[in-house]
$ cat data33.cif   # mmCIF, C-alpha atoms and all ligand atoms
data_run
#
loop_
_atom_site.label_atom_id
_atom_site.label_comp_id
_atom_site.auth_asym_id
_atom_site.auth_seq_id
_atom_site.Cartn_x
_atom_site.Cartn_y
_atom_site.Cartn_z
CA MET A 1 5.27 -15.39 14.22
CA ALA A 2 4.40 -18.37 16.39
CA GLY A 3 1.61 -20.57 15.08
CA LYS A 4 0.84 -22.00 11.67
CA ILE A 5 -1.40 -21.12 8.78
CA SER A 6 -4.51 -23.27 8.85
CA MET A 7 -6.90 -24.26 6.06
CA SER A 8 -9.25 -21.41 7.00
CA GLU A 9 -9.65 -18.61 4.46
CA LYS A 10 -6.72 -16.26 3.96
CA LEU A 11 -7.00 -12.65 5.06
CA GLY A 12 -5.00 -9.46 4.70
CA LEU A 13 -4.78 -7.58 7.98
CA TYR A 14 -4.08 -3.83 7.88
CA ILE A 15 -3.10 -1.99 11.07
CA HIS A 16 -3.09 1.81 10.87
CA ILE A 17 -0.67 3.88 12.96
CA PRO A 18 -1.83 7.47 12.40
CA PHE A 19 1.09 9.41 13.90
CA CYS A 20 3.82 11.45 12.24
CA GLU A 21 6.52 13.74 13.51
CA ARG A 22 5.10 16.54 11.38
CA LYS A 23 2.84 16.74 8.36
CA CYS A 24 4.55 16.60 4.96
CA ARG A 25 3.44 19.38 2.62
CA TYR A 26 1.78 17.02 0.14
CA CYS A 27 0.27 14.51 2.59
CA GLY A 28 -3.40 13.62 2.31
CA PHE A 29 -3.12 10.46 4.42
CA LEU A 30 -4.90 10.13 7.72
CA SER A 31 -2.07 11.06 10.08
CA PHE A 32 -1.72 13.37 13.05
CA PRO A 33 1.51 15.21 13.90
CA GLY A 34 2.92 16.22 17.22
CA PHE A 35 1.84 13.51 19.68
CA GLY A 36 4.11 11.63 22.04
CA GLU A 37 4.61 8.50 24.11
CA GLU A 38 1.54 8.96 26.30
CA LEU A 39 -0.84 8.84 23.36
CA TYR A 40 1.14 6.12 21.58
CA GLU A 41 0.68 4.00 24.70
CA ARG A 42 -3.05 4.66 24.87
CA TYR A 43 -3.40 4.02 21.14
CA THR A 44 -1.52 0.71 21.28
CA ALA A 45 -3.88 -0.49 24.02
CA ALA A 46 -6.90 0.57 21.93
CA LEU A 47 -5.59 -1.17 18.81
CA CYS A 48 -5.03 -4.38 20.79
CA LYS A 49 -8.56 -4.14 22.11
CA GLU A 50 -9.95 -3.70 18.59
CA ILE A 51 -7.90 -6.62 17.23
CA SER A 52 -8.95 -8.85 20.15
CA GLY A 53 -12.57 -8.04 19.30
CA TYR A 54 -11.96 -9.53 15.86
CA ASN A 55 -11.11 -12.85 17.49
CA GLU A 56 -14.73 -13.78 18.16
CA LYS A 57 -16.02 -12.57 14.78
CA PHE A 58 -13.37 -13.68 12.36
CA SER A 59 -10.76 -16.09 13.77
CA SER A 60 -12.82 -19.21 13.06
CA ILE A 61 -13.18 -18.18 9.40
CA TYR A 62 -9.94 -16.41 8.59
CA THR A 63 -6.21 -16.65 9.16
CA PRO A 64 -4.10 -13.65 8.12
CA ASP A 65 -1.36 -14.56 5.65
CA THR A 66 -0.34 -10.93 5.16
CA ILE A 67 -0.15 -8.22 7.81
CA PHE A 68 0.62 -4.61 6.93
CA ILE A 69 1.37 -2.05 9.63
CA GLY A 70 0.99 1.22 7.76
CA GLY A 71 0.51 4.88 8.48
CA GLY A 72 1.30 7.57 9.29
CA THR A 73 4.71 6.57 10.55
CA PRO A 74 4.48 3.21 12.35
CA SER A 75 8.22 3.36 13.09
CA LEU A 76 7.49 6.07 15.67
CA LEU A 77 6.32 3.17 17.86
CA ASP A 78 9.10 1.41 19.74
CA GLY A 79 9.79 -2.32 19.52
CA GLU A 80 7.85 -3.07 22.68
CA LYS A 81 4.62 -1.56 21.33
CA ILE A 82 4.98 -3.28 17.97
CA LYS A 83 5.55 -6.56 19.83
CA ARG A 84 2.36 -6.00 21.82
CA ILE A 85 0.41 -5.45 18.61
CA MET A 86 1.91 -8.56 17.04
CA ASP A 87 1.25 -10.61 20.20
CA CYS A 88 -2.32 -9.44 20.08
CA ILE A 89 -2.70 -10.56 16.47
CA ARG A 90 -1.10 -13.89 17.35
CA ASP A 91 -3.42 -14.41 20.32
CA SER A 92 -6.48 -13.41 18.31
CA PHE A 93 -5.89 -15.36 15.12
CA PHE A 94 -3.24 -18.00 15.69
CA SER A 95 -3.53 -19.31 19.24
CA GLY A 96 -4.56 -22.91 19.66
CA GLN A 97 -3.68 -23.86 16.09
CA GLY A 98 -1.69 -27.01 15.78
CA ALA A 99 0.52 -28.12 12.95
CA ALA A 100 -0.19 -26.53 9.60
CA ASP A 101 -2.66 -28.62 7.70
CA ASP A 102 -1.65 -27.21 4.35
CA GLY A 103 2.05 -27.70 4.99
CA LYS A 104 2.87 -23.99 5.19
CA SER A 105 4.98 -22.66 8.02
CA ALA A 106 4.32 -19.37 9.76
CA ASP A 107 7.30 -17.90 7.91
CA ASP A 108 5.01 -17.77 4.89
CA ILE A 109 3.17 -14.85 6.47
CA GLU A 110 4.30 -11.53 5.01
CA VAL A 111 4.47 -8.95 7.80
CA THR A 112 5.32 -5.40 6.67
CA ILE A 113 5.97 -2.26 8.66
CA GLU A 114 6.17 1.19 7.05
CA SER A 115 8.86 3.50 8.32
CA ASN A 116 10.51 6.85 8.06
CA PRO A 117 14.31 6.45 7.77
CA ASN A 118 15.15 8.95 10.52
CA SER A 119 13.06 7.11 13.10
CA LEU A 120 14.91 3.81 12.64
CA THR A 121 17.75 2.63 14.85
CA TYR A 122 19.46 -0.77 14.85
CA GLU A 123 17.91 -1.58 18.24
CA LYS A 124 14.42 -0.71 17.03
CA LEU A 125 14.84 -2.69 13.82
CA ALA A 126 16.16 -5.72 15.71
CA ALA A 127 13.17 -5.51 18.06
CA TYR A 128 10.78 -5.37 15.07
CA ARG A 129 12.41 -8.48 13.58
CA GLN A 130 12.15 -10.17 16.96
CA ALA A 131 8.45 -9.27 17.08
CA GLY A 132 7.87 -11.10 13.77
CA ILE A 133 8.09 -8.28 11.20
CA ASN A 134 9.80 -9.66 8.09
CA ARG A 135 9.32 -6.86 5.53
CA LEU A 136 10.40 -3.24 5.95
CA SER A 137 9.01 -0.45 3.80
CA MET A 138 10.93 2.82 3.96
CA GLY A 139 9.64 6.18 2.73
CA ALA A 140 12.76 7.67 1.11
CA GLN A 141 10.81 9.67 -1.56
CA SER A 142 14.01 11.22 -2.97
CA MET A 143 17.77 11.05 -2.49
CA ASN A 144 18.07 14.80 -3.02
CA ASP A 145 18.00 16.93 0.17
CA ARG A 146 16.67 19.97 -1.69
CA ILE A 147 13.64 17.94 -2.85
CA LEU A 148 13.15 16.34 0.57
CA ASP A 149 13.13 19.79 2.10
CA SER A 150 10.56 21.10 -0.37
CA LEU A 151 8.34 18.06 0.33
CA GLY A 152 8.51 18.88 4.05
CA ARG A 153 10.04 15.52 4.94
CA VAL A 154 11.74 15.22 8.32
CA HIS A 155 14.61 13.05 7.07
CA GLN A 156 17.66 13.63 4.90
CA SER A 157 18.98 11.43 2.11
CA SER A 158 21.89 10.20 4.28
CA ASP A 159 19.33 8.69 6.71
CA VAL A 160 18.14 6.32 3.97
CA GLY A 161 21.50 4.56 3.43
CA ARG A 162 22.16 4.41 7.17
CA ALA A 163 18.74 2.93 7.98
CA PHE A 164 19.00 0.49 5.07
CA GLU A 165 22.34 -0.87 6.31
CA GLN A 166 21.03 -1.22 9.83
CA ALA A 167 17.93 -3.01 8.56
CA ARG A 168 20.09 -5.54 6.70
CA LYS A 169 22.21 -5.99 9.84
CA ALA A 170 19.07 -6.54 11.90
CA GLY A 171 18.05 -9.36 9.53
CA PHE A 172 15.59 -7.76 7.09
CA GLU A 173 15.85 -9.66 3.81
CA ASN A 174 12.81 -8.06 2.22
CA ILE A 175 12.94 -4.26 2.00
CA ASN A 176 10.87 -1.81 -0.03
CA ILE A 177 11.86 1.78 -0.70
CA ASP A 178 9.29 4.39 -1.75
CA LEU A 179 10.25 7.15 -4.17
CA MET A 180 8.28 10.02 -5.71
CA PHE A 181 8.35 11.80 -9.05
CA GLY A 182 6.61 14.84 -10.50
CA VAL A 183 7.25 16.92 -7.39
CA PRO A 184 8.01 20.69 -7.36
CA GLU A 185 11.51 21.72 -8.43
CA GLN A 186 12.33 18.16 -9.48
CA THR A 187 14.08 17.54 -12.79
CA LEU A 188 14.37 14.36 -14.83
CA LYS A 189 18.01 14.19 -13.72
CA ASP A 190 16.96 14.36 -10.04
CA VAL A 191 14.54 11.46 -10.49
CA LEU A 192 17.06 9.28 -12.29
CA GLU A 193 19.80 10.00 -9.74
CA SER A 194 17.48 8.99 -6.89
CA VAL A 195 16.35 5.82 -8.66
CA SER A 196 19.99 4.90 -9.46
CA SER A 197 21.11 5.41 -5.85
CA ILE A 198 18.31 3.20 -4.61
CA ILE A 199 18.99 0.47 -7.22
CA GLU A 200 22.63 0.47 -6.05
CA MET A 201 21.42 -0.40 -2.55
CA LYS A 202 19.60 -3.46 -3.99
CA PRO A 203 16.34 -3.46 -2.05
CA GLU A 204 13.97 -6.28 -3.03
CA HIS A 205 11.16 -3.88 -3.93
CA ILE A 206 10.89 -0.27 -5.14
CA SER A 207 7.70 1.83 -5.35
CA LEU A 208 7.63 4.98 -7.45
CA TYR A 209 4.60 7.23 -7.01
CA GLY A 210 3.65 10.35 -8.91
CA LEU A 211 2.73 13.34 -6.75
CA GLN A 212 -1.04 13.64 -6.19
CA LEU A 213 -2.29 17.08 -5.26
CA GLU A 214 -4.72 16.19 -2.46
CA GLU A 215 -7.21 18.66 -1.03
CA ASP A 216 -6.42 20.03 2.45
CA THR A 217 -2.67 19.91 1.90
CA ILE A 218 -0.20 22.78 1.75
CA PHE A 219 0.75 21.84 -1.82
CA TYR A 220 -2.88 21.91 -2.94
CA GLU A 221 -3.40 25.39 -1.51
CA GLU A 222 -0.16 26.61 -3.10
CA TYR A 223 -1.15 25.07 -6.44
CA LYS A 224 -4.54 26.78 -6.32
CA SER A 225 -2.84 30.11 -5.58
CA GLY A 226 -0.55 29.59 -8.57
CA ILE A 227 2.69 29.54 -6.57
CA LEU A 228 3.45 25.82 -6.83
CA ASP A 229 5.46 24.91 -9.88
CA VAL A 230 5.05 21.20 -10.70
CA PRO A 231 6.33 19.36 -13.78
CA ASP A 232 3.70 19.18 -16.54
CA GLU A 233 2.13 15.89 -17.72
CA LYS A 234 4.65 15.39 -20.53
CA GLU A 235 7.59 15.86 -18.21
CA GLU A 236 5.98 13.53 -15.66
CA SER A 237 5.54 10.87 -18.32
CA ARG A 238 9.21 11.27 -19.35
CA MET A 239 10.29 10.88 -15.70
CA TYR A 240 8.14 7.80 -15.21
CA HIS A 241 9.25 5.95 -18.33
CA ALA A 242 12.93 6.85 -17.92
CA ALA A 243 12.79 5.60 -14.31
CA ALA A 244 10.97 2.45 -15.45
CA ASP A 245 13.78 1.78 -17.98
CA LEU A 246 16.42 2.15 -15.28
CA LEU A 247 14.53 -0.17 -12.95
CA ARG A 248 14.14 -2.79 -15.68
CA GLN A 249 17.87 -2.61 -16.42
CA GLY A 250 18.46 -3.03 -12.68
CA GLY A 251 16.60 -6.37 -12.75
CA TYR A 252 13.29 -5.16 -11.30
CA ASP A 253 10.04 -6.49 -12.70
CA HIS A 254 7.36 -3.85 -13.26
CA TYR A 255 4.46 -5.80 -11.77
CA GLU A 256 2.07 -2.92 -10.98
CA ILE A 257 1.75 0.66 -12.23
CA SER A 258 3.76 2.09 -9.30
CA ASN A 259 5.64 -1.00 -8.13
CA TRP A 260 8.75 -2.93 -9.14
CA ALA A 261 10.21 -6.02 -7.48
CA LEU A 262 12.93 -8.60 -7.78
CA SER A 263 11.43 -11.92 -8.73
CA GLY A 264 9.38 -13.40 -5.88
CA TYR A 265 9.30 -10.18 -3.83
CA GLU A 266 6.03 -8.64 -5.06
CA CYS A 267 4.08 -7.19 -2.13
CA ARG A 268 1.56 -9.93 -1.36
CA HIS A 269 -0.53 -7.65 0.84
CA ASN A 270 -1.05 -5.03 -1.86
CA LEU A 271 -1.73 -7.76 -4.43
CA LYS A 272 -4.75 -8.66 -2.30
CA TYR A 273 -6.20 -5.16 -2.84
CA TRP A 274 -5.64 -5.41 -6.60
CA SER A 275 -7.25 -8.84 -6.83
CA MET A 276 -10.21 -8.09 -4.53
CA LYS A 277 -9.27 -10.53 -1.78
CA ASP A 278 -10.69 -10.07 1.70
CA TYR A 279 -8.97 -7.75 4.17
CA LEU A 280 -9.65 -6.37 7.59
CA GLY A 281 -8.47 -3.00 8.91
CA ALA A 282 -7.81 -1.77 12.44
CA GLY A 283 -7.27 1.81 13.55
CA PRO A 284 -8.96 5.10 12.58
CA GLY A 285 -9.91 5.39 8.92
CA ALA A 286 -8.96 1.75 8.23
CA HIS A 287 -10.98 0.03 5.49
CA SER A 288 -12.24 -3.56 5.46
CA TYR A 289 -13.55 -5.73 2.65
CA ILE A 290 -15.18 -8.90 3.86
CA LYS A 291 -17.28 -11.15 1.63
CA GLY A 292 -18.32 -8.35 -0.70
CA SER A 293 -19.07 -5.89 2.09
CA ARG A 294 -17.00 -2.72 2.42
CA SER A 295 -16.74 -0.68 5.59
CA LYS A 296 -14.48 1.87 7.19
CA ASN A 297 -13.57 2.88 10.72
CA VAL A 298 -14.28 6.39 11.96
CA ASP A 299 -11.60 8.92 10.95
CA ARG A 300 -11.29 11.03 14.07
CA LEU A 301 -8.74 9.80 16.57
CA ASP A 302 -10.81 10.96 19.57
CA ASP A 303 -13.89 9.16 18.28
CA TYR A 304 -11.89 6.01 17.61
CA LEU A 305 -10.39 5.96 21.10
CA ASP A 306 -13.74 6.71 22.77
CA LEU A 307 -15.56 3.97 20.86
CA ILE A 308 -12.94 1.29 21.45
CA GLU A 309 -12.30 2.19 25.09
CA SER A 310 -16.02 2.05 25.87
CA GLY A 311 -16.25 -1.41 24.28
CA ARG A 312 -18.01 -0.38 21.05
CA SER A 313 -17.16 -1.00 17.42
CA ALA A 314 -15.04 1.65 15.66
CA THR A 315 -16.75 0.96 12.33
CA ASP A 316 -18.55 3.98 10.93
CA GLN A 317 -22.02 2.43 10.65
CA ARG A 318 -22.85 4.69 7.68
CA SER A 319 -19.91 3.34 5.71
CA TYR A 320 -21.24 -0.15 5.00
CA VAL A 321 -21.62 -0.83 1.29
CA PHE A 322 -22.36 -4.18 -0.24
CA ASP A 323 -21.08 -4.28 -3.82
CA SER A 324 -23.72 -5.18 -6.39
CA LYS A 325 -22.51 -7.85 -8.82
CA GLU A 326 -22.12 -5.21 -11.51
CA ASP A 327 -20.06 -2.95 -9.24
CA ALA A 328 -17.93 -5.87 -8.07
CA MET A 329 -17.18 -6.84 -11.68
CA GLY A 330 -16.18 -3.25 -12.51
CA ILE A 331 -13.91 -2.97 -9.46
CA PHE A 332 -12.35 -6.36 -10.25
CA VAL A 333 -11.40 -5.20 -13.76
CA PHE A 334 -10.37 -1.69 -12.65
CA THR A 335 -7.98 -2.89 -9.94
CA ALA A 336 -6.62 -5.84 -11.96
CA LEU A 337 -5.67 -3.47 -14.78
CA ARG A 338 -3.21 -1.80 -12.40
CA THR A 339 -1.11 -4.97 -12.46
CA ARG A 340 1.19 -6.41 -15.09
CA GLN A 341 -0.92 -9.59 -14.99
CA GLY A 342 -3.96 -7.52 -15.92
CA VAL A 343 -7.44 -9.02 -15.91
CA ASP A 344 -7.47 -12.78 -15.91
CA THR A 345 -10.65 -13.35 -17.89
CA ARG A 346 -10.80 -16.97 -16.71
CA ALA A 347 -10.61 -15.88 -13.05
CA PHE A 348 -13.30 -13.29 -13.84
CA GLU A 349 -15.60 -16.04 -15.14
CA GLU A 350 -14.87 -18.31 -12.16
CA ARG A 351 -15.63 -15.52 -9.73
CA PHE A 352 -18.74 -14.05 -11.34
CA GLY A 353 -20.10 -16.99 -13.37
CA GLU A 354 -20.16 -14.89 -16.55
CA SER A 355 -17.84 -14.47 -19.47
CA PHE A 356 -15.77 -11.26 -19.34
CA PHE A 357 -16.24 -10.76 -23.07
CA ARG A 358 -20.02 -11.17 -22.81
CA VAL A 359 -20.33 -8.76 -19.89
CA TYR A 360 -18.20 -6.13 -21.68
CA LYS A 361 -19.39 -6.88 -25.22
CA ASP A 362 -20.38 -3.24 -25.71
CA ARG A 363 -16.72 -2.34 -25.05
CA ALA A 364 -15.28 -4.90 -27.49
CA GLU A 365 -14.63 -2.25 -30.16
CA LEU A 366 -12.93 -0.01 -27.64
CA ILE A 367 -10.73 -2.84 -26.34
CA LYS A 368 -9.78 -3.68 -29.93
CA LYS A 369 -8.89 -0.02 -30.55
CA TYR A 370 -6.68 0.06 -27.44
CA ILE A 371 -4.96 -3.13 -28.58
CA ASP A 372 -4.45 -1.75 -32.11
CA GLU A 373 -2.99 1.45 -30.67
CA GLY A 374 -0.55 -0.55 -28.53
CA LEU A 375 -2.14 0.54 -25.25
CA MET A 376 -3.39 -2.92 -24.21
CA PHE A 377 -2.56 -6.51 -25.07
CA LEU A 378 -4.39 -9.80 -24.87
CA SER A 379 -2.28 -12.85 -24.09
CA GLY A 380 -4.08 -16.14 -23.46
CA SER A 381 -6.72 -15.29 -20.89
CA ARG A 382 -4.98 -12.06 -19.80
CA LEU A 383 -5.98 -8.57 -20.87
CA ALA A 384 -3.44 -5.99 -19.66
CA LEU A 385 -2.07 -2.51 -20.20
CA THR A 386 1.21 -2.05 -22.09
CA GLU A 387 3.90 0.32 -20.73
CA GLN A 388 2.52 2.92 -23.16
CA GLY A 389 -1.04 2.24 -21.94
CA ILE A 390 0.00 3.16 -18.39
CA ASP A 391 0.16 6.84 -19.50
CA VAL A 392 -3.60 6.76 -20.11
CA SER A 393 -4.41 4.10 -17.51
CA ASN A 394 -7.02 6.23 -15.74
CA ASP A 395 -8.97 6.72 -18.97
CA ILE A 396 -8.82 3.04 -19.88
CA MET A 397 -9.58 1.72 -16.40
CA SER A 398 -12.55 4.04 -15.95
CA GLU A 399 -14.19 2.48 -19.03
CA PHE A 400 -15.01 -0.53 -16.85
CA VAL A 401 -16.59 1.10 -13.79
S1 LIG B 501 5.40 10.69 6.74
FE1 LIG B 501 3.86 9.89 5.29
S2 LIG B 501 1.93 9.82 6.43
FE2 LIG B 501 3.36 11.11 7.59
S3 LIG B 501 2.90 13.21 6.98
FE3 LIG B 501 4.58 12.47 5.65
S4 LIG B 501 3.57 11.56 3.85
FE4 LIG B 501 2.01 11.80 5.45
#
$ encode --input "data33.cif" --output "structure tokens" --more "lines below"
Ligand code: SF4
Amino acid sequence: MAGKISMSEKLGLYIHIPFCERKCRYCGFLSFPGFGEELYERYTAALCKEISGYNEKFSSIYTPDTIFIGGGTPSLLDGEKIKRIMDCIRDSFFSGQGAADDGKSADDIEVTIESNPNSLTYEKLAAYRQAGINRLSMGAQSMNDRILDSLGRVHQSSDVGRAFEQARKAGFENINIDLMFGVPEQTLKDVLESVSSIIEMKPEHISLYGLQLEEDTIFYEEYKSGILDVPDEKEESRMYHAAADLLRQGGYDHYEISNWALSGYECRHNLKYWSMKDYLGAGPGAHSYIKGSRSKNVDRLDDYLDLIESGRSATDQRSYVFDSKEDAMGIFVFTALRTRQGVDTRAFEERFGESFFRVYKDRAELIKKYIDEGLMFLSGSRLALTEQGIDVSNDIMSEFV
């Protein structure tokens, strides 16, 4: 990306591309299937208009140091549209900046695009690189075609290797691959075979998510009707820990509950969410968190397009929430516990002006119990979950909110 990072505050910028070829059977994300070039064109123009509107409000305060183009399936957009979006970000946040005053070059900006392997070609990948994208995230989910079919994915396992090779050829040196476990018909062997195949490809980052049964999905309806057979909790836990062992042996550091990376390749954008840093979202349903205030854009695509095209804000005015100090402290602890670093009690005190141990003194016994049971550990100023604690992470984390 042209331009340099200035001394202004850092910002995570999230751009939502809500289109998919078809809806996967488990998908609860905000994404719409079955649209084509005409709407992609209209949507790109609307996104650029929304991002340009941020110029006046935010560019004097913030400079993005991470950009995440997520979805949906952003790789349905061709290189030209992604370039227009990137140009728009550049014009809104980076134009007119001279030499970096903190010595950082623009290459320090992490710019991710999410993709579906079957929608990637060498030409498209090269155009993305050219547009300034330097991190590719690919939704493989499994390397078993039977599982991919049952998930309702549009790609096959062979697409993953092909797209990965082309991405390397196009110059991507930072690639994430998403995998899933705990899905119908999947065995422990299936999970480990998929993880092994991906480790052999040597991506810099691997995410492994457990299936969530979200309302308004085909899987949820099937589960309610009793016809969806998913692995039970014990089997899920076996899958997760066996996969985690393989990833550790493969040299990947388990830095967040669902994320592993080679050293230095942790996803900086997602780390912002887990450490409550400011971020701004564009596109329908996109969330923002700016100086303690949370808000969200309208969900409906029609509403989003109408609002932006008629020069209005896409923020759902009812969505504004300003975290109370107590809520902010709870969210800080909750999200930090997702990471290997855990809660930095010193950072907590710096941020909130109060000692972590004083604020949570009524939970001191509980914390001690978790430590005694090997579910948490305290190291210096860090309080974190152990690998065993991850199994009951929801119970532990919810003690703080
Ligand atoms: S590709 Fe991703 S966003 Fe699109 S339907 Fe499938 S899971 Fe949902």
$ residues_near_ligand --input "data33.cif" --ligand "ligand LIG 501 (chain B)" --cutoff "8 Å" --atoms "all atoms listed in the file" --output "ChimeraX atom specification"
/A:18-33,71-73,116,139,152-154
$ atom_distance --input "data33.cif" --atom1 "atom CA of A:Tyr304" --atom2 "atom CA of A:Asn270"
24.9 Å
$ closest_residue --input "data33.cif" --among "A:Asp302, A:Arg318, A:Asp108, A:Leu383" --to "A:Asp344" --atoms "all atoms listed in the file"
A:Leu383
$ closest_residue --input "data33.cif" --among "A:Val321, A:Ile51, A:Ala336, A:Ile198" --to "A:Leu246" --atoms "all atoms listed in the file"
A:Ile198
$ closest_residue --input "data33.cif" --among "A:Asn297, A:Thr386, A:Ser398, A:Ser319" --to "A:Glu256" --atoms "all atoms listed in the file"
A:Thr386
$ residues_around --input "data33.cif" --residues "stretch 74-88 of chain A" --least-positions-apart "5" --cutoff "7 Å" --atoms "all atoms listed in the file" --output "ChimeraX atom specification"
/A:17,44,48,51-52,69,113-116,119-120,124,127-128,131
$ atom_distance --input "data33.cif" --atom1 "atom CA of A:Thr63" --atom2 "atom CA of A:Lys277"
12.9 Å
